[in-house]
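Structure file input38.csv (CSV, C-alpha atoms) is printed below.
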chain,number,residue,atom,x,y,z
E,27,MET,CA,-0.9,156.8,-109.8
E,28,GLY,CA,-1.3,156.4,-106.0
E,29,ILE,CA,-4.5,158.5,-106.3
E,30,LEU,CA,-5.8,156.3,-109.1
E,31,LEU,CA,-5.2,153.2,-107.0
E,32,THR,CA,-7.1,154.8,-104.1
E,33,ILE,CA,-10.1,155.7,-106.3
E,34,ILE,CA,-10.2,152.2,-107.7
E,35,GLN,CA,-10.1,150.6,-104.2
E,36,THR,CA,-12.7,153.0,-102.9
E,37,ALA,CA,-15.0,152.5,-105.9
E,38,SER,CA,-14.9,148.7,-105.6
E,39,VAL,CA,-15.8,148.9,-101.9
E,40,ILE,CA,-18.7,151.3,-102.2
E,41,ALA,CA,-20.2,150.1,-105.5
E,42,ILE,CA,-22.4,147.3,-104.1
E,43,PRO,CA,-23.8,149.1,-101.0
E,44,ALA,CA,-24.5,152.1,-103.2
E,45,ILE,CA,-26.5,150.1,-105.7
E,46,VAL,CA,-28.4,148.3,-103.1
E,47,LEU,CA,-29.2,151.5,-101.2
E,48,PHE,CA,-30.3,153.3,-104.4
E,49,ILE,CA,-32.6,150.5,-105.5
E,50,VAL,CA,-34.2,150.0,-102.1
E,51,VAL,CA,-34.8,153.7,-101.5
E,52,TYR,CA,-36.0,154.3,-105.1
E,53,GLY,CA,-38.5,151.4,-104.7
E,54,ALA,CA,-39.7,152.9,-101.4
E,55,ILE,CA,-40.2,156.3,-103.0
E,56,LYS,CA,-42.1,154.6,-105.8
E,57,LYS,CA,-44.4,153.0,-103.2
E,58,VAL,CA,-43.2,149.4,-104.0
E,59,LYS,CA,-43.8,147.0,-101.1
E,60,ILE,CA,-40.1,146.5,-101.0
E,61,TYR,CA,-39.9,143.7,-98.4
E,62,GLU,CA,-42.5,141.6,-100.2
E,63,ALA,CA,-41.0,142.3,-103.6
E,64,PHE,CA,-37.6,141.3,-102.3
E,65,VAL,CA,-38.8,138.0,-100.8
E,66,GLU,CA,-40.8,137.2,-103.9
E,67,GLY,CA,-37.7,137.7,-106.2
E,68,ALA,CA,-35.3,135.9,-103.8
E,69,LYS,CA,-37.4,132.7,-103.8
E,70,GLU,CA,-36.0,131.8,-107.2
E,71,GLY,CA,-32.4,131.8,-105.9
E,72,PHE,CA,-32.4,128.3,-104.6
E,73,ASN,CA,-33.8,126.7,-107.7
E,74,VAL,CA,-31.3,128.4,-109.9
E,75,GLY,CA,-28.4,127.3,-107.7
E,76,VAL,CA,-29.6,123.7,-107.8
E,77,ARG,CA,-30.4,123.8,-111.5
E,78,ILE,CA,-26.9,124.6,-112.5
E,79,ILE,CA,-25.2,121.8,-110.5
E,80,PRO,CA,-25.2,119.1,-113.2
E,81,TYR,CA,-23.9,121.6,-115.8
E,82,LEU,CA,-21.2,122.8,-113.5
E,83,VAL,CA,-20.1,119.3,-112.5
E,84,ALA,CA,-19.9,118.2,-116.1
E,85,MET,CA,-17.7,121.2,-117.0
E,86,LEU,CA,-15.5,121.3,-114.0
E,87,VAL,CA,-14.8,117.6,-113.9
E,88,ALA,CA,-13.7,117.6,-117.6
E,89,ILE,CA,-11.5,120.6,-117.0
E,90,GLY,CA,-10.2,119.1,-113.8
E,91,ILE,CA,-9.2,115.8,-115.6
E,92,PHE,CA,-7.4,117.8,-118.3
E,93,ARG,CA,-5.5,119.9,-115.7
E,94,ALA,CA,-4.7,117.1,-113.2
E,95,GLY,CA,-3.3,114.7,-115.9
E,96,GLY,CA,-0.7,117.3,-117.0
E,97,ALA,CA,-2.1,117.8,-120.5
E,98,MET,CA,-1.7,121.6,-120.1
E,99,ASP,CA,2.2,121.2,-120.1
E,100,ILE,CA,2.1,119.1,-123.3
E,101,LEU,CA,-0.2,121.6,-125.0
E,102,SER,CA,2.2,124.4,-124.0
E,103,VAL,CA,5.1,122.6,-125.6
E,104,LEU,CA,3.2,121.8,-128.7
E,105,LEU,CA,2.0,125.4,-129.2
E,106,SER,CA,5.3,127.1,-128.3
E,107,PRO,CA,6.6,127.4,-132.0
E,108,ILE,CA,3.4,129.3,-132.9
E,109,THR,CA,3.5,131.6,-129.9
E,110,SER,CA,7.1,132.6,-130.3
E,111,LEU,CA,6.2,133.8,-133.9
E,112,ILE,CA,3.8,136.3,-132.5
E,113,GLY,CA,6.0,137.7,-129.8
E,114,MET,CA,4.4,135.8,-127.0
E,115,PRO,CA,6.8,134.5,-124.3
E,116,ALA,CA,6.5,130.7,-123.8
E,117,GLU,CA,6.1,131.3,-120.0
E,118,SER,CA,2.8,133.1,-120.6
E,119,LEU,CA,1.2,130.3,-122.6
E,120,PRO,CA,-0.2,128.4,-119.6
E,121,MET,CA,-2.0,131.6,-118.6
E,122,ALA,CA,-3.5,132.0,-122.1
E,123,LEU,CA,-4.7,128.4,-122.0
E,124,MET,CA,-6.0,128.5,-118.4
E,125,ARG,CA,-7.9,131.8,-118.6
E,126,PRO,CA,-11.0,130.5,-120.4
E,127,LEU,CA,-11.0,127.2,-118.4
E,128,SER,CA,-10.7,128.1,-114.8
E,129,GLY,CA,-10.8,131.4,-112.9
E,130,SER,CA,-9.0,130.2,-109.8
E,131,GLY,CA,-6.5,128.3,-112.0
E,132,ALA,CA,-5.7,131.4,-114.0
E,133,LEU,CA,-5.3,133.4,-110.8
E,134,GLY,CA,-2.9,130.8,-109.5
E,135,VAL,CA,-0.9,130.8,-112.8
E,136,MET,CA,-0.8,134.6,-112.8
E,137,SER,CA,0.4,134.9,-109.2
E,138,GLU,CA,3.1,132.3,-109.9
E,139,ILE,CA,4.4,134.0,-113.0
E,140,ILE,CA,4.4,137.4,-111.3
E,141,ASN,CA,6.3,136.1,-108.3
E,142,THR,CA,8.8,134.4,-110.6
E,143,HIS,CA,9.4,137.1,-113.2
E,144,GLY,CA,8.3,140.2,-111.3
E,145,ALA,CA,5.1,142.3,-111.8
E,146,ASP,CA,6.8,144.8,-114.0
E,147,SER,CA,8.5,142.4,-116.4
E,148,ILE,CA,7.0,142.0,-119.9
E,149,ILE,CA,5.7,138.6,-119.0
E,150,GLY,CA,4.3,139.9,-115.7
E,151,ARG,CA,2.5,142.7,-117.5
E,152,MET,CA,1.3,140.3,-120.2
E,153,VAL,CA,-0.3,137.9,-117.8
E,154,SER,CA,-1.9,140.8,-115.9
E,155,VAL,CA,-3.5,142.1,-119.0
E,156,MET,CA,-4.6,138.6,-120.0
E,157,MET,CA,-6.2,138.2,-116.6
E,158,GLY,CA,-7.8,141.6,-116.6
E,159,SER,CA,-9.2,141.4,-120.1
E,160,GLY,CA,-10.3,137.7,-120.2
E,161,GLU,CA,-13.2,135.8,-118.7
E,162,THR,CA,-13.7,132.2,-117.6
E,163,THR,CA,-15.6,131.4,-120.8
E,164,PHE,CA,-16.4,127.8,-120.0
E,165,TYR,CA,-17.7,128.5,-116.6
E,166,VAL,CA,-20.0,131.2,-118.0
E,167,LEU,CA,-21.2,128.9,-120.7
E,168,ALA,CA,-22.0,126.1,-118.2
E,169,VAL,CA,-23.7,128.3,-115.6
E,170,TYR,CA,-25.6,130.6,-117.9
E,171,PHE,CA,-26.9,127.9,-120.3
E,172,GLY,CA,-27.3,125.5,-117.4
E,173,SER,CA,-29.6,127.9,-115.5
E,174,VAL,CA,-32.2,127.7,-118.4
E,175,ALA,CA,-31.4,124.0,-119.2
E,176,VAL,CA,-30.0,124.8,-122.7
E,177,ASN,CA,-28.1,121.8,-124.1
E,178,LYS,CA,-27.9,122.9,-127.7
E,179,THR,CA,-25.6,125.8,-127.5
E,180,ARG,CA,-25.4,126.5,-131.3
E,181,HIS,CA,-22.8,129.0,-132.3
E,182,ALA,CA,-22.1,130.4,-128.8
E,183,VAL,CA,-19.1,128.2,-128.0
E,184,ALA,CA,-17.3,128.9,-131.3
E,185,ALA,CA,-17.9,132.7,-131.0
E,186,GLY,CA,-16.8,132.6,-127.4
E,187,ILE,CA,-13.6,130.8,-128.2
E,188,ILE,CA,-12.8,133.1,-131.1
E,189,ALA,CA,-13.3,136.1,-128.8
E,190,ASP,CA,-11.0,134.6,-126.2
E,191,LEU,CA,-8.3,134.0,-128.8
E,192,VAL,CA,-8.6,137.6,-130.1
E,193,GLY,CA,-8.4,138.9,-126.5
E,194,ILE,CA,-5.1,136.9,-125.9
E,195,LEU,CA,-3.6,138.1,-129.2
E,196,ALA,CA,-4.6,141.7,-128.5
E,197,SER,CA,-3.0,141.4,-125.0
E,198,VAL,CA,0.3,140.2,-126.5
E,199,TRP,CA,0.3,142.8,-129.1
E,200,LEU,CA,-0.6,145.7,-126.8
E,201,VAL,CA,1.9,144.8,-124.1
E,202,ASN,CA,4.7,144.4,-126.7
E,203,LEU,CA,3.6,147.7,-128.2
E,204,ILE,CA,3.4,149.7,-125.0
E,205,PHE,CA,6.0,148.2,-122.8
E,206,GLY,CA,8.2,146.3,-125.2
P,224,MET,CA,-19.4,121.7,-130.3
P,225,LEU,CA,-19.5,121.5,-126.5
P,226,ASN,CA,-19.8,117.7,-127.0
P,227,TYR,CA,-16.5,117.5,-128.8
P,228,ILE,CA,-14.7,119.9,-126.4
P,229,TRP,CA,-15.9,117.9,-123.5
P,230,LEU,CA,-14.8,114.6,-125.0
P,231,SER,CA,-11.4,116.0,-125.9
P,232,LEU,CA,-10.8,117.4,-122.4
P,233,ILE,CA,-11.5,114.0,-120.9
P,234,VAL,CA,-9.8,111.7,-123.4
P,235,ILE,CA,-6.7,113.9,-123.7
P,236,GLY,CA,-6.6,114.5,-119.9
P,237,ILE,CA,-6.7,110.8,-119.1
P,238,GLY,CA,-4.6,109.8,-122.1
P,239,VAL,CA,-1.7,112.1,-121.1
P,240,ALA,CA,-1.8,110.9,-117.5
P,241,VAL,CA,-1.6,107.3,-118.7
P,242,ILE,CA,1.4,108.1,-121.0
P,243,LYS,CA,3.1,110.0,-118.2
P,244,ASP,CA,2.7,107.2,-115.7
P,245,LEU,CA,3.8,104.5,-118.2
P,246,SER,CA,6.9,106.5,-119.3
P,247,GLN,CA,8.0,107.2,-115.8
P,248,PRO,CA,10.3,104.5,-114.3
P,249,ALA,CA,8.6,103.0,-111.2
P,250,ASP,CA,9.8,104.8,-108.1
P,251,PRO,CA,10.0,102.3,-105.3
P,252,ALA,CA,9.9,105.1,-102.7
P,253,ALA,CA,6.6,106.4,-104.0
P,254,ASP,CA,3.4,105.3,-102.3
P,255,THR,CA,1.6,104.8,-105.6
P,256,ARG,CA,2.5,103.3,-108.9
P,257,TYR,CA,0.5,105.6,-111.0
P,258,PRO,CA,0.9,109.1,-109.6
P,259,MET,CA,-0.7,111.0,-112.5
P,260,LEU,CA,-3.8,108.8,-112.7
P,261,THR,CA,-4.2,109.1,-108.9
P,262,LYS,CA,-4.1,112.8,-109.3
P,263,VAL,CA,-6.7,112.6,-112.1
P,264,THR,CA,-9.0,110.6,-109.8
P,265,ASN,CA,-8.5,112.7,-106.6
P,266,ASP,CA,-8.1,116.3,-108.0
P,267,GLY,CA,-9.6,115.9,-111.4
P,268,ILE,CA,-12.7,113.8,-110.8
P,269,VAL,CA,-13.6,113.7,-107.1
P,270,GLY,CA,-12.2,117.2,-106.3
P,271,SER,CA,-13.8,119.0,-109.2
P,272,ALA,CA,-17.2,117.4,-108.7
P,273,LYS,CA,-17.1,118.6,-105.1
P,274,THR,CA,-15.9,122.1,-106.1
P,275,ALA,CA,-18.8,122.4,-108.6
P,276,VAL,CA,-21.4,121.7,-105.9
P,277,THR,CA,-19.7,124.1,-103.5
P,278,LEU,CA,-19.7,126.8,-106.1
P,279,ALA,CA,-23.3,126.3,-107.0
P,280,ILE,CA,-24.4,126.1,-103.3
P,281,GLY,CA,-22.3,129.2,-102.6
P,282,LEU,CA,-24.1,131.0,-105.3
P,283,ILE,CA,-27.6,130.4,-103.8
P,284,GLY,CA,-27.4,133.1,-101.1
P,285,ILE,CA,-26.1,135.9,-103.3
P,286,MET,CA,-28.3,134.7,-106.1
P,287,ALA,CA,-31.4,135.1,-103.9
P,288,MET,CA,-30.1,138.5,-102.7
P,289,TRP,CA,-29.7,140.0,-106.1
P,290,LEU,CA,-32.9,138.4,-107.5
P,291,GLY,CA,-34.7,140.1,-104.6
P,292,VAL,CA,-33.1,143.5,-105.3
P,293,MET,CA,-33.9,143.1,-109.0
P,294,LYS,CA,-37.5,142.4,-108.2
P,295,ILE,CA,-37.7,145.7,-106.3
P,296,ALA,CA,-36.0,147.5,-109.2
P,297,GLU,CA,-38.4,145.8,-111.6
P,298,GLU,CA,-41.5,146.8,-109.7
P,299,ALA,CA,-40.3,150.3,-109.2
P,300,GLY,CA,-39.9,150.6,-113.0
P,301,LEU,CA,-36.1,151.0,-112.8
P,302,ILE,CA,-35.3,148.1,-115.1
P,303,SER,CA,-37.6,149.3,-117.9
P,304,LYS,CA,-36.2,152.9,-117.5
P,305,LEU,CA,-32.7,151.5,-117.9
P,306,ALA,CA,-33.7,149.5,-120.9
P,307,SER,CA,-35.3,152.5,-122.7
P,308,LEU,CA,-32.2,154.5,-122.0
P,309,LEU,CA,-30.0,152.1,-124.0
P,310,ARG,CA,-32.7,151.2,-126.5
P,311,PRO,CA,-30.6,152.3,-129.6
P,312,VAL,CA,-27.8,149.9,-128.7
P,313,THR,CA,-29.8,147.0,-127.3
P,314,THR,CA,-32.3,146.8,-130.2
P,315,ARG,CA,-29.4,146.5,-132.6
P,316,LEU,CA,-27.6,143.9,-130.6
P,317,PHE,CA,-30.8,141.9,-129.8
P,318,PRO,CA,-33.2,142.4,-132.7
P,319,ASP,CA,-35.3,139.4,-131.6
P,320,VAL,CA,-36.0,140.9,-128.1
P,321,PRO,CA,-38.8,143.5,-127.8
P,322,ALA,CA,-37.2,146.8,-126.7
P,323,ASP,CA,-39.2,147.1,-123.5
P,324,HIS,CA,-38.8,143.4,-122.5
P,325,PRO,CA,-37.5,142.8,-118.9
P,326,ALA,CA,-34.6,140.7,-120.5
P,327,MET,CA,-33.2,144.0,-121.9
P,328,GLY,CA,-33.0,145.6,-118.5
P,329,ALA,CA,-31.5,142.5,-116.8
P,330,MET,CA,-28.9,142.2,-119.6
P,331,ILE,CA,-27.9,145.9,-119.1
P,332,MET,CA,-27.6,145.4,-115.4
P,333,ASN,CA,-25.5,142.3,-115.9
P,334,ILE,CA,-23.2,144.0,-118.4
P,335,SER,CA,-22.8,147.1,-116.1
P,336,ALA,CA,-22.0,144.9,-113.1
P,337,ASN,CA,-19.4,143.1,-115.2
P,338,MET,CA,-17.8,146.3,-116.4
P,339,LEU,CA,-17.5,147.5,-112.8
P,340,GLY,CA,-15.9,144.1,-111.8
P,341,LEU,CA,-18.8,143.2,-109.4
P,342,ALA,CA,-18.6,139.5,-110.0
P,343,ASN,CA,-20.9,138.8,-107.1
P,344,ALA,CA,-23.7,140.8,-108.7
P,345,ALA,CA,-22.9,140.0,-112.3
P,346,THR,CA,-23.7,136.3,-112.3
P,347,PRO,CA,-27.1,136.5,-110.6
P,348,LEU,CA,-28.1,139.4,-112.9
P,349,GLY,CA,-26.9,137.4,-115.9
P,350,LEU,CA,-28.9,134.4,-114.9
P,351,LYS,CA,-31.9,136.6,-114.4
P,352,ALA,CA,-31.4,137.8,-118.0
P,353,MET,CA,-31.1,134.3,-119.3
P,354,GLU,CA,-34.4,133.4,-117.6
P,355,GLU,CA,-36.1,136.4,-119.2
P,356,LEU,CA,-34.5,135.5,-122.6
P,357,ASN,CA,-35.7,131.9,-122.2
P,358,LYS,CA,-39.3,133.2,-121.9
P,359,LEU,CA,-38.9,134.3,-125.6
P,360,ASN,CA,-37.5,131.0,-126.6
P,361,LYS,CA,-39.8,129.0,-128.8
P,362,LYS,CA,-37.6,125.9,-128.6
P,363,ILE,CA,-36.7,125.3,-125.0
P,364,GLY,CA,-33.3,123.5,-124.6
P,365,THR,CA,-31.8,125.3,-127.7
P,366,ALA,CA,-30.0,128.6,-127.4
P,367,THR,CA,-31.6,131.5,-129.2
P,368,ASP,CA,-29.6,134.1,-131.2
P,369,ALA,CA,-30.1,136.6,-128.4
P,370,MET,CA,-28.7,134.1,-125.8
P,371,CYS,CA,-25.6,133.4,-127.9
P,372,THR,CA,-25.0,137.1,-128.4
P,373,PHE,CA,-25.5,137.8,-124.7
P,374,LEU,CA,-23.1,134.9,-123.8
P,375,VAL,CA,-20.4,136.2,-126.1
P,376,ILE,CA,-20.7,139.7,-124.7
P,377,ASN,CA,-20.4,138.2,-121.2
P,378,THR,CA,-17.4,136.0,-122.0
P,379,SER,CA,-15.4,138.8,-123.7
P,380,ASN,CA,-16.7,141.4,-121.3
P,381,VAL,CA,-15.2,144.8,-121.0
P,382,GLN,CA,-14.0,145.2,-117.4
P,383,LEU,CA,-13.1,148.7,-116.4
P,384,ILE,CA,-11.4,147.9,-113.1
P,385,PRO,CA,-9.6,144.5,-112.8
P,386,ALA,CA,-9.4,144.9,-109.0
P,387,THR,CA,-8.0,141.4,-108.3
P,388,VAL,CA,-5.2,141.8,-110.8
P,389,ILE,CA,-4.2,145.2,-109.4
P,390,ALA,CA,-4.2,143.9,-105.9
P,391,ILE,CA,-1.9,141.0,-106.8
P,392,ARG,CA,0.4,143.3,-108.7
P,393,ALA,CA,0.5,145.7,-105.8
P,394,ALA,CA,1.3,142.9,-103.3
P,395,ALA,CA,4.1,141.7,-105.6
P,396,GLY,CA,5.7,145.1,-105.3
P,397,SER,CA,4.9,146.5,-108.7
P,398,ALA,CA,6.1,150.1,-109.2
P,399,ASN,CA,2.8,150.8,-111.0
P,400,PRO,CA,0.1,148.2,-110.3
P,401,THR,CA,-2.6,150.1,-112.3
P,402,GLU,CA,-0.7,150.5,-115.5
P,403,ILE,CA,-2.3,147.4,-117.0
P,404,ILE,CA,-5.8,149.0,-116.9
P,405,GLY,CA,-5.4,150.8,-120.2
P,406,PRO,CA,-4.1,147.9,-122.2
P,407,ALA,CA,-6.7,145.5,-120.6
P,408,ILE,CA,-9.6,147.7,-121.5
P,409,VAL,CA,-8.4,148.0,-125.1
P,410,ALA,CA,-7.7,144.3,-125.4
P,411,THR,CA,-11.1,143.3,-124.0
P,412,SER,CA,-12.8,145.9,-126.2
P,413,ILE,CA,-11.2,144.4,-129.3
P,414,SER,CA,-12.3,140.9,-128.2
P,415,THR,CA,-15.8,142.1,-127.5
P,416,VAL,CA,-16.2,143.7,-131.0
P,417,VAL,CA,-14.7,140.7,-132.7
P,418,GLY,CA,-16.9,138.4,-130.6
P,419,VAL,CA,-20.1,140.2,-131.4
P,420,ALA,CA,-19.3,140.4,-135.1
P,421,THR,CA,-18.5,136.6,-135.1
P,422,VAL,CA,-21.6,135.6,-133.2
P,423,LYS,CA,-23.8,137.7,-135.7
P,424,LEU,CA,-22.0,136.2,-138.6
P,425,LEU,CA,-22.2,132.6,-137.4
P,426,ALA,CA,-26.0,133.1,-136.7
P,427,LYS,CA,-26.4,133.4,-140.4
P,428,ILE,CA,-25.0,129.9,-141.1
P,429,PRO,CA,-27.8,127.7,-142.3
P,430,ALA,CA,-26.9,124.8,-140.1
P,431,TYR,CA,-27.2,126.9,-137.0
P,432,LYS,CA,-30.4,128.6,-138.3
P,433,ARG,CA,-32.0,125.2,-138.8
P,434,GLN,CA,-31.5,124.2,-135.1
P,435,LEU,CA,-33.9,127.0,-134.2
P,436,GLU,CA,-36.7,125.7,-136.3
P,437,ALA,CA,-39.0,123.2,-134.8
Turn the structure described in the file into structure tokens.
Amino acid sequence: MGILLTIIQTASVIAIPAIVLFIVVYGAIKKVKIYEAFVEGAKEGFNVGVRIIPYLVAMLVAIGIFRAGGAMDILSVLLSPITSLIGMPAESLPMALMRPLSGSGALGVMSEIINTHGADSIIGRMVSVMMGSGETTFYVLAVYFGSVAVNKTRHAVAAGIIADLVGILASVWLVNLIFG
Amino acid sequence: MLNYIWLSLIVIGIGVAVIKDLSQPADPAADTRYPMLTKVTNDGIVGSAKTAVTLAIGLIGIMAMWLGVMKIAEEAGLISKLASLLRPVTTRLFPDVPADHPAMGAMIMNISANMLGLANAATPLGLKAMEELNKLNKKIGTATDAMCTFLVINTSNVQLIPATVIAIRAAAGSANPTEIIGPAIVATSISTVVGVATVKLLAKIPAYKRQLEA
């Protein structure tokens, strides 16, 4: 397992330089004016960054209010009868709720749970799998749709939430199955 | 739907803070009478608004960088090559997008970056894909079927190497920090399959279909 860890660490370090090197060299071989092309493409970067600001402010402020007011704890208490039915420890519920809302928040919850219960406890493994298999759905929705000024998101939000829910349930089920 | 979620987050968030503050006996030693509401103001409203701008500004540099690299890849014909390689999959997932459209290449690049856990590259590539998809959008401001499908693939994304999680587990003294990779891949694969099936199914609902018509 030590070897696997080394491979993973190496791969995540060399991936980006390797991709950049490959594309730049490939472009040069194909006689693309690479410097001009790069600058031409990069111009758009600023506009995109600025365009997403209002969407990101709207999303993060709403989530921030929800978290700061302590609503998360109340939701955890309300949902705990349901989660105990499916073999989900109550302590991992904040993680499940936080995962789609805030990336840094979820990371914080995960670290806290791992430090309290241990990385190799069932709860520690469960939050690790939730963190690794989930995504910050609301951030992605805000940034991606915001970048093209889409306000009517149609069925994307419902489908995204259902996928999140399924991911959480699958994490609980798999961890209980493998490590339980 | 986003409207209702947004409203709920704000109303419940402030509501809970008010209830907590009122039910708490006033602590004469505390410097404020309403600690939760103060937290809502400072962390929730002011702090988050600031974070949002910091995030967006922080994205500009890396965004410019990847959009530049993508432009080289595009002009060298790499993007269309990539798109034709995965044509059997992408044309089924995105029937409304022409098989050789630049959006296809950008979406493949984004999904690959996400799978490899390259968050820095994934977002710029994803936004590039959205921009290309928006060129096919007949009703600007409304999400197309392809956009919804792409978003769901993104939010339920299969990540092969959850590097951050492994690092935290290793730091916490786990005997086997990488053991969660297998279950995480299976869990996220299940959620992606269900997510794509759901998004395809929901796209057939007349109310959602009507929103696309002018």
Within 12 Å of (-30.7, 128.2, -100.1) (file coordinates; only C-alpha atoms), which protein or nucleic acid residues are there? I'd like them as a compact mmCIF listing (two decimals) with C-alpha atoms, keeping the file's coordinate frame.
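Full text of part.txt as output:
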# COMPACT_ATOMS: atom_id res chain seq x y z
CA ALA E 68 -35.30 135.90 -103.80
CA LYS E 69 -37.40 132.70 -103.80
CA GLU E 70 -36.00 131.80 -107.20
CA GLY E 71 -32.40 131.80 -105.90
CA PHE E 72 -32.40 128.30 -104.60
CA ASN E 73 -33.80 126.70 -107.70
CA VAL E 74 -31.30 128.40 -109.90
CA GLY E 75 -28.40 127.30 -107.70
CA VAL E 76 -29.60 123.70 -107.80
CA ALA P 279 -23.30 126.30 -107.00
CA ILE P 280 -24.40 126.10 -103.30
CA GLY P 281 -22.30 129.20 -102.60
CA LEU P 282 -24.10 131.00 -105.30
CA ILE P 283 -27.60 130.40 -103.80
CA GLY P 284 -27.40 133.10 -101.10
CA ILE P 285 -26.10 135.90 -103.30
CA MET P 286 -28.30 134.70 -106.10
CA ALA P 287 -31.40 135.10 -103.90
CA MET P 288 -30.10 138.50 -102.70
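All residues of protein, DNA or RNA that reach within 10 Å of E:Ile194, judged by all atoms listed in the file and not counting those fewer than 4 positions away in the chain, are Met114, Leu119, Met121, Ala122, Leu123, Arg125, Met152, Val153, Val155, Met156, Met157, Ser159, Gly160, Ala189, Asp190, Val198, Trp199 and Leu200 of chain E; Ala410, Thr411 and Ser414 of chain P.
Atom CA of P:Arg315 is found 23.1 Å from atom CA of P:Ala430.
Interatomic distance, atom CA of P:Lys423 to atom CA of P:Pro347: 25.3 Å.
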Non-local contacts of P:Ala395 (12 Å; all atoms listed in the file; under 5 positions in same chain excluded) as a ChimeraX atom specification: /E:136-147,150,154 /P:388-390,400
Near-P:Trp229 list (10 Å; all atoms listed in the file; drop same-chain fewer than 2 positions) as a ChimeraX atom specification: /E:84-85,87-89,92 /P:224-227,231-234
Export, as a PDB file, keeping the file's coordinate frame, the selected residues with C-alpha atoms.
ATOM      1  CA  ALA E  84     -19.900 118.200-116.100  1.00  0.00           C
ATOM      2  CA  MET E  85     -17.700 121.200-117.000  1.00  0.00           C
ATOM      3  CA  VAL E  87     -14.800 117.600-113.900  1.00  0.00           C
ATOM      4  CA  ALA E  88     -13.700 117.600-117.600  1.00  0.00           C
ATOM      5  CA  ILE E  89     -11.500 120.600-117.000  1.00  0.00           C
ATOM      6  CA  PHE E  92      -7.400 117.800-118.300  1.00  0.00           C
TER       7      PHE E  92
ATOM      8  CA  MET P 224     -19.400 121.700-130.300  1.00  0.00           C
ATOM      9  CA  LEU P 225     -19.500 121.500-126.500  1.00  0.00           C
ATOM     10  CA  ASN P 226     -19.800 117.700-127.000  1.00  0.00           C
ATOM     11  CA  TYR P 227     -16.500 117.500-128.800  1.00  0.00           C
ATOM     12  CA  SER P 231     -11.400 116.000-125.900  1.00  0.00           C
ATOM     13  CA  LEU P 232     -10.800 117.400-122.400  1.00  0.00           C
ATOM     14  CA  ILE P 233     -11.500 114.000-120.900  1.00  0.00           C
ATOM     15  CA  VAL P 234      -9.800 111.700-123.400  1.00  0.00           C
TER      16      VAL P 234
END
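Take atom CA of P:Leu301 and atom CA of P:Gly328: the distance between them is 8.4 Å.
Among the candidates P:Arg433, P:Lys351, P:Arg392, P:Lys362, the residue lying nearest to chain E is P:Arg392 (atoms considered: all atoms listed in the file).
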Option closest in space to E:Leu167, from P:Leu245, P:Ile376, P:Met338, P:Val381 [counting all atoms listed in the file]: P:Ile376
E:Val201 surroundings by all atoms listed in the file, 9 Å radius, close-in-sequence under 2 positions cut, as a PDB file with C-alpha atoms, in the coordinates of the input:
ATOM      1  CA  ILE E 148       7.000 142.000-119.900  1.00  0.00           C
ATOM      2  CA  ILE E 149       5.700 138.600-119.000  1.00  0.00           C
ATOM      3  CA  ARG E 151       2.500 142.700-117.500  1.00  0.00           C
ATOM      4  CA  MET E 152       1.300 140.300-120.200  1.00  0.00           C
ATOM      5  CA  VAL E 155      -3.500 142.100-119.000  1.00  0.00           C
ATOM      6  CA  ALA E 196      -4.600 141.700-128.500  1.00  0.00           C
ATOM      7  CA  SER E 197      -3.000 141.400-125.000  1.00  0.00           C
ATOM      8  CA  VAL E 198       0.300 140.200-126.500  1.00  0.00           C
ATOM      9  CA  TRP E 199       0.300 142.800-129.100  1.00  0.00           C
ATOM     10  CA  LEU E 203       3.600 147.700-128.200  1.00  0.00           C
ATOM     11  CA  ILE E 204       3.400 149.700-125.000  1.00  0.00           C
ATOM     12  CA  PHE E 205       6.000 148.200-122.800  1.00  0.00           C
ATOM     13  CA  GLY E 206       8.200 146.300-125.200  1.00  0.00           C
TER      14      GLY E 206
ATOM     15  CA  ILE P 403      -2.300 147.400-117.000  1.00  0.00           C
ATOM     16  CA  PRO P 406      -4.100 147.900-122.200  1.00  0.00           C
TER      17      PRO P 406
END
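Contact shell of stretch 273-276 of chain P at 7 Å (only C-alpha atoms; same-chain neighbours under 4 positions omitted): Ile79, Leu82, Val83 and Leu86 of chain E; Val269 and Ile280 of chain P.
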Which residue, P:Tyr257, P:Gly349, P:Thr378, P:Asn265, has the smallest gap to E:Pro126 when you use all atoms listed in the file? P:Thr378
From P:Ile242, P:Val292, P:Ala394, P:Leu359, residue lying nearest chain E [only C-alpha atoms]: P:Val292
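When only C-alpha atoms are used to measure the gap to chain P, the shortest distance among E:Ala182, E:Ile33, E:Ile45, E:Leu191 belongs to E:Ala182.
Each of E:Ser173, E:Val135, E:Gln35, E:Ser118 was compared to P:Glu354 using all atoms listed in the file, and E:Ser173 turns out to be the nearest.
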Around the point (-24.2, 128.5, -117.3) in the file's coordinates, collect all residues with an atom within 10 Å, using all atoms listed in the file, and return them as a PyMOL selection string. (chain E and resi 77-79+81-82+85+163-176) or (chain P and resi 346+349-350+353+374)
